[in-house]
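Next comes run.pdb, a file with PDB, C-alpha atoms.
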```pdb
MODEL        1
ATOM      1  CA  MET A 668      17.611 135.709-156.840
ATOM      2  CA  LEU A 669      15.674 138.028-159.140
ATOM      3  CA  THR A 670      13.617 140.355-157.029
ATOM      4  CA  LEU A 671      10.408 142.228-157.535
ATOM      5  CA  ALA A 672      12.035 145.304-156.041
ATOM      6  CA  SER A 673      14.756 145.378-158.706
ATOM      7  CA  LYS A 674      12.165 144.737-161.427
ATOM      8  CA  LEU A 675      10.095 147.686-160.219
ATOM      9  CA  LYS A 676      13.163 149.913-160.095
ATOM     10  CA  ARG A 677      14.320 148.788-163.556
ATOM     11  CA  ASP A 678      10.887 149.211-165.175
ATOM     12  CA  ASP A 679       9.624 152.110-163.051
ATOM     13  CA  GLY A 680       6.817 149.713-162.142
ATOM     14  CA  LEU A 681       4.740 150.518-165.205
ATOM     15  CA  LYS A 682       6.331 149.236-168.393
ATOM     16  CA  GLY A 683       7.933 146.101-169.751
ATOM     17  CA  SER A 684       6.619 142.888-171.199
ATOM     18  CA  ARG A 685       5.621 141.380-167.876
ATOM     19  CA  THR A 686       4.352 144.559-166.223
ATOM     20  CA  SER A 687       1.025 146.195-166.924
ATOM     21  CA  ALA A 688      -1.037 149.061-165.603
ATOM     22  CA  THR A 689      -4.805 148.891-165.909
ATOM     23  CA  THR A 690      -7.573 151.335-165.098
ATOM     24  CA  SER A 691     -10.927 150.015-163.961
ATOM     25  CA  ASP A 692     -13.639 151.701-161.873
ATOM     26  CA  SER A 693     -11.234 154.609-161.225
ATOM     27  CA  THR A 694      -8.717 152.222-159.625
ATOM     28  CA  ARG A 695      -5.251 151.991-161.102
ATOM     29  CA  ARG A 696      -3.342 148.797-160.438
ATOM     30  CA  VAL A 697       0.182 147.822-161.286
ATOM     31  CA  SER A 698       0.764 144.157-161.941
ATOM     32  CA  VAL A 699       4.278 142.766-161.975
ATOM     33  CA  ARG A 700       5.431 139.246-162.742
ATOM     34  CA  ASP A 701       8.836 138.128-161.637
ATOM     35  CA  LYS A 702      10.653 134.955-160.686
ATOM     36  CA  LEU A 703      12.123 133.940-157.388
ATOM     37  CA  LEU A 704      15.101 131.651-157.862
ATOM     38  CA  VAL A 705      15.806 129.357-154.943
ATOM     39  CA  LYS A 706      19.537 128.718-154.855
ATOM     40  CA  ASP A 707      21.258 126.232-152.582
ATOM     41  CA  GLU A 708      19.161 125.412-149.549
ATOM     42  CA  GLY A 709      15.991 123.686-148.439
ATOM     43  CA  TYR A 710      13.458 121.522-150.205
ATOM     44  CA  TYR A 711      12.980 123.980-153.053
ATOM     45  CA  GLN A 712      16.602 124.444-154.161
ATOM     46  CA  GLY A 713      17.039 124.851-157.885
ATOM     47  CA  GLY A 714      13.412 125.878-158.429
ATOM     48  CA  LYS A 715      12.276 128.945-160.345
ATOM     49  CA  PHE A 716       8.942 130.147-159.021
ATOM     50  CA  GLN A 717       6.998 132.852-160.815
ATOM     51  CA  PHE A 718       4.863 135.299-158.843
ATOM     52  CA  GLU A 719       2.399 137.950-159.882
ATOM     53  CA  THR A 720       2.115 140.961-157.625
ATOM     54  CA  GLU A 721      -0.779 143.366-157.951
ATOM     55  CA  VAL A 722      -0.162 146.716-156.329
ATOM     56  CA  PRO A 723      -3.474 148.492-155.656
ATOM     57  CA  ASP A 724      -3.977 152.227-155.905
ATOM     58  CA  THR A 725      -4.316 152.351-152.100
ATOM     59  CA  TYR A 726      -0.806 150.894-151.597
ATOM     60  CA  ASN A 727       0.863 151.216-149.095
ATOM     61  CA  MET A 728      -2.088 151.543-146.781
ATOM     62  CA  VAL A 729      -3.163 148.075-147.947
ATOM     63  CA  PRO A 730      -0.874 145.207-148.924
ATOM     64  CA  PRO A 731      -0.223 144.123-152.479
ATOM     65  CA  LYS A 732      -1.911 140.937-153.691
ATOM     66  CA  VAL A 733       0.563 138.204-154.538
ATOM     67  CA  LYS A 734      -0.083 134.930-156.328
ATOM     68  CA  CYS A 735       2.303 132.102-157.155
ATOM     69  CA  LEU A 736       1.923 131.223-160.848
ATOM     70  CA  THR A 737       4.115 128.108-160.646
ATOM     71  CA  ARG A 738       2.548 124.856-159.446
ATOM     72  CA  ILE A 739       4.152 123.935-156.165
ATOM     73  CA  ARG A 740       3.860 121.495-153.264
ATOM     74  CA  HIS A 741       4.124 123.727-150.191
ATOM     75  CA  PRO A 742       2.311 123.933-146.825
ATOM     76  CA  ASN A 743       1.827 127.699-147.184
ATOM     77  CA  ILE A 744       1.035 127.902-150.908
ATOM     78  CA  THR A 745      -1.904 126.161-152.555
ATOM     79  CA  GLU A 746      -1.600 124.502-155.940
ATOM     80  CA  THR A 747      -3.773 127.334-157.301
ATOM     81  CA  GLY A 748      -1.225 129.906-156.105
ATOM     82  CA  GLU A 749      -2.812 131.374-152.990
ATOM     83  CA  ILE A 750      -0.179 132.317-150.405
ATOM     84  CA  CYS A 751      -0.293 132.279-146.609
ATOM     85  CA  LEU A 752       2.189 134.918-145.486
ATOM     86  CA  SER A 753       1.304 137.126-142.524
ATOM     87  CA  LEU A 754       2.822 140.280-143.932
ATOM     88  CA  LEU A 755       0.369 140.064-146.855
ATOM     89  CA  ARG A 756      -2.570 140.204-144.437
ATOM     90  CA  GLU A 757      -4.068 143.566-143.655
ATOM     91  CA  HIS A 758      -4.918 142.426-140.138
ATOM     92  CA  SER A 759      -2.829 139.696-138.557
ATOM     93  CA  ILE A 760      -3.319 138.089-135.168
ATOM     94  CA  ASP A 761       0.433 137.736-134.580
ATOM     95  CA  GLY A 762       1.130 141.428-135.190
ATOM     96  CA  THR A 763       3.365 140.769-138.200
ATOM     97  CA  GLY A 764       0.767 141.729-140.795
ATOM     98  CA  TRP A 765       0.875 144.567-143.271
ATOM     99  CA  ALA A 766       1.731 148.070-142.074
ATOM    100  CA  PRO A 767       2.122 151.253-144.133
ATOM    101  CA  THR A 768       5.827 151.210-143.285
ATOM    102  CA  ARG A 769       6.338 147.936-145.165
ATOM    103  CA  THR A 770       7.665 147.930-148.710
ATOM    104  CA  LEU A 771       7.639 145.660-151.737
ATOM    105  CA  LYS A 772      11.146 144.634-150.742
ATOM    106  CA  ASP A 773       9.643 143.252-147.497
ATOM    107  CA  VAL A 774       7.233 141.219-149.647
ATOM    108  CA  VAL A 775      10.121 139.779-151.656
ATOM    109  CA  TRP A 776      12.002 138.852-148.461
ATOM    110  CA  GLY A 777       8.818 137.313-147.054
ATOM    111  CA  LEU A 778       8.330 135.191-150.173
ATOM    112  CA  ASN A 779      11.972 134.148-150.011
ATOM    113  CA  SER A 780      11.500 133.067-146.403
ATOM    114  CA  LEU A 781       8.753 130.653-147.498
ATOM    115  CA  PHE A 782      11.436 128.753-149.394
ATOM    116  CA  THR A 783      14.429 129.032-147.101
ATOM    117  CA  ASP A 784      13.146 129.099-143.508
ATOM    118  CA  LEU A 785      11.564 126.235-141.663
ATOM    119  CA  LEU A 786       8.137 125.420-143.013
ATOM    120  CA  ASN A 787       5.249 126.808-140.936
ATOM    121  CA  PHE A 788       2.917 124.086-139.771
ATOM    122  CA  ASP A 789       1.085 126.158-137.131
ATOM    123  CA  ASP A 790      -1.212 127.736-139.708
ATOM    124  CA  PRO A 791      -0.805 125.928-143.052
ATOM    125  CA  LEU A 792      -2.891 126.992-146.020
ATOM    126  CA  ASN A 793      -2.269 123.731-147.866
ATOM    127  CA  ILE A 794      -3.242 121.319-145.083
ATOM    128  CA  GLU A 795      -2.721 118.251-147.261
ATOM    129  CA  ALA A 796       0.891 119.228-148.011
ATOM    130  CA  ALA A 797       1.578 119.990-144.326
ATOM    131  CA  GLU A 798       0.133 116.658-143.208
ATOM    132  CA  HIS A 799       2.108 114.871-145.947
ATOM    133  CA  HIS A 800       5.343 116.425-144.641
ATOM    134  CA  LEU A 801       4.567 115.499-141.041
ATOM    135  CA  ARG A 802       3.623 111.944-142.045
ATOM    136  CA  ASP A 803       6.517 111.158-144.410
ATOM    137  CA  LYS A 804       9.278 113.755-144.883
ATOM    138  CA  GLU A 805      11.156 111.699-147.488
ATOM    139  CA  ASP A 806       8.075 111.164-149.663
ATOM    140  CA  PHE A 807       7.175 114.865-149.286
ATOM    141  CA  ARG A 808      10.665 115.830-150.455
ATOM    142  CA  ASN A 809      10.333 113.458-153.439
ATOM    143  CA  LYS A 810       6.985 115.054-154.349
ATOM    144  CA  VAL A 811       8.517 118.551-154.087
ATOM    145  CA  ASP A 812      11.415 117.437-156.338
ATOM    146  CA  ASP A 813       8.907 116.066-158.855
ATOM    147  CA  TYR A 814       7.001 119.375-158.899
ATOM    148  CA  ILE A 815      10.245 121.327-159.369
ATOM    149  CA  LYS A 816      11.281 119.102-162.302
ATOM    150  CA  ARG A 817       7.835 119.368-163.908
ATOM    151  CA  TYR A 818       6.878 122.991-163.246
ATOM    152  CA  ALA A 819       9.761 125.067-161.827
ATOM    153  CA  ARG A 820      12.681 124.745-164.234
TER     154      ARG A 820
ENDMDL
END
```
Could you render the structure from this file as structure tokens?
Amino acid sequence: MLTLASKLKRDDGLKGSRTSATTSDSTRRVSVRDKLLVKDEGYYQGGKFQFETEVPDTYNMVPPKVKCLTRIRHPNITETGEICLSLLREHSIDGTGWAPTRTLKDVVWGLNSLFTDLLNFDDPLNIEAAEHHLRDKEDFRNKVDDYIKRYAR
């Protein structure tokens, strides 16, 4: 798996073709694009999913903003790339939200868990995908495979 943490270390977080720093309204942001490769387990095996992570100037008091750039069929990721992951929330009901002690490596592990752990149906962001999985697991898996073939190779 390629990780955002290794990309930041390799590029010092500010240079490279897929990394940019911008200044706007006296706020400096670092934006990093990297791929998460899902290896040998779960519905998403063999997929290559690209993420963009925006690290605000107030990091690590506030979480980075992460978006999935690859179209995907997932209960916790919308087709437009929004992600439901508690550690990316500044305030989380379950107590697992962002804390200043968290790192970008925690974000990478959290994203990885969306692809390798059991899918979370308690609080899905993509309700249609969650209901599809609950209704017909085989058809859901076929749809995920189709998305991987079309968008995540």
Query raised in the report: If the PyMOL selection byres ((chain A and resi 757) around 12) is run on the structure shown, which residues does it catch, given as a PyMOL selection string?
Result: chain A and resi 726-732+752-756+758-767+769
Once you have the residues from the selection above, write them out as a PDB file, in the frame of the given file, restricted to C-alpha atoms.
```pdb
ATOM      1  CA  TYR A 726      -0.806 150.894-151.597  1.00  0.00           C
ATOM      2  CA  ASN A 727       0.863 151.216-149.095  1.00  0.00           C
ATOM      3  CA  MET A 728      -2.088 151.543-146.781  1.00  0.00           C
ATOM      4  CA  VAL A 729      -3.163 148.075-147.947  1.00  0.00           C
ATOM      5  CA  PRO A 730      -0.874 145.207-148.924  1.00  0.00           C
ATOM      6  CA  PRO A 731      -0.223 144.123-152.479  1.00  0.00           C
ATOM      7  CA  LYS A 732      -1.911 140.937-153.691  1.00  0.00           C
ATOM      8  CA  LEU A 752       2.189 134.918-145.486  1.00  0.00           C
ATOM      9  CA  SER A 753       1.304 137.126-142.524  1.00  0.00           C
ATOM     10  CA  LEU A 754       2.822 140.280-143.932  1.00  0.00           C
ATOM     11  CA  LEU A 755       0.369 140.064-146.855  1.00  0.00           C
ATOM     12  CA  ARG A 756      -2.570 140.204-144.437  1.00  0.00           C
ATOM     13  CA  HIS A 758      -4.918 142.426-140.138  1.00  0.00           C
ATOM     14  CA  SER A 759      -2.829 139.696-138.557  1.00  0.00           C
ATOM     15  CA  ILE A 760      -3.319 138.089-135.168  1.00  0.00           C
ATOM     16  CA  ASP A 761       0.433 137.736-134.580  1.00  0.00           C
ATOM     17  CA  GLY A 762       1.130 141.428-135.190  1.00  0.00           C
ATOM     18  CA  THR A 763       3.365 140.769-138.200  1.00  0.00           C
ATOM     19  CA  GLY A 764       0.767 141.729-140.795  1.00  0.00           C
ATOM     20  CA  TRP A 765       0.875 144.567-143.271  1.00  0.00           C
ATOM     21  CA  ALA A 766       1.731 148.070-142.074  1.00  0.00           C
ATOM     22  CA  PRO A 767       2.122 151.253-144.133  1.00  0.00           C
ATOM     23  CA  ARG A 769       6.338 147.936-145.165  1.00  0.00           C
TER      24      ARG A 769
END
```
Query raised in the report: In Å, with one decimal, what is the gap from CA of Lys734 in chain A to CA of Glu749 in chain A?
Result: 5.6 Å
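Straight-line separation from CA of Ile744 in chain A to CA of Pro723 in chain A: 21.6 Å.
Residue nearest Pro791 in chain A within the list A:Gly713, A:Asn779, A:Cys751, A:Arg820: A:Cys751 [criterion: smallest interatomic distance, all atoms listed in the file].
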**Report entry** Picked residues, the PyMOL selection byres ((chain A and resi 710) around 12), as a count of residues only
**Finding:** 32
Requested in this report: Give me, please, the distance in Å between CA of Val775 in chain A and CA of Ala797 in chain A, quoted to one decimal.
Outcome: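 About the pair CA of Val775 in chain A and CA of Ala797 in chain A: they are 22.8 Å apart.
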Requested in this report: Name the residues captured by the PyMOL selection byres ((chain A and resi 717) around 9) when it is applied to the shown file; answer as a ChimeraX atom specification.
Outcome: /A:700-704,715-716,718-719,734-737,819
Query - Best match for closeness to Leu801 in chain A among A:Asp789, A:Glu746, A:Glu721, A:Asp773, counting all atoms listed in the file - result: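 So, comparing all the options, the nearest one is A:Asp789.
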Report task. Kindly indicate which residue among A:Val774, A:Arg738, A:Ser780, A:Val722 lies nearest to Tyr818 in chain A, using only C-alpha atoms for the distances. Result ->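 Checking each candidate against Tyr818 in chain A, we get A:Arg738 as the closest.
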Using only the atoms of range 726-742 of chain A listed in the file, plus 4 Å on each side, state the axis-aligned box centre and edge lengths in Å rounded to one decimal, as JSON.
```
{"center_x": 0.5, "center_y": 136.5, "center_z": -153.8, "size_x": 15.3, "size_y": 38.0, "size_z": 22.1}
```
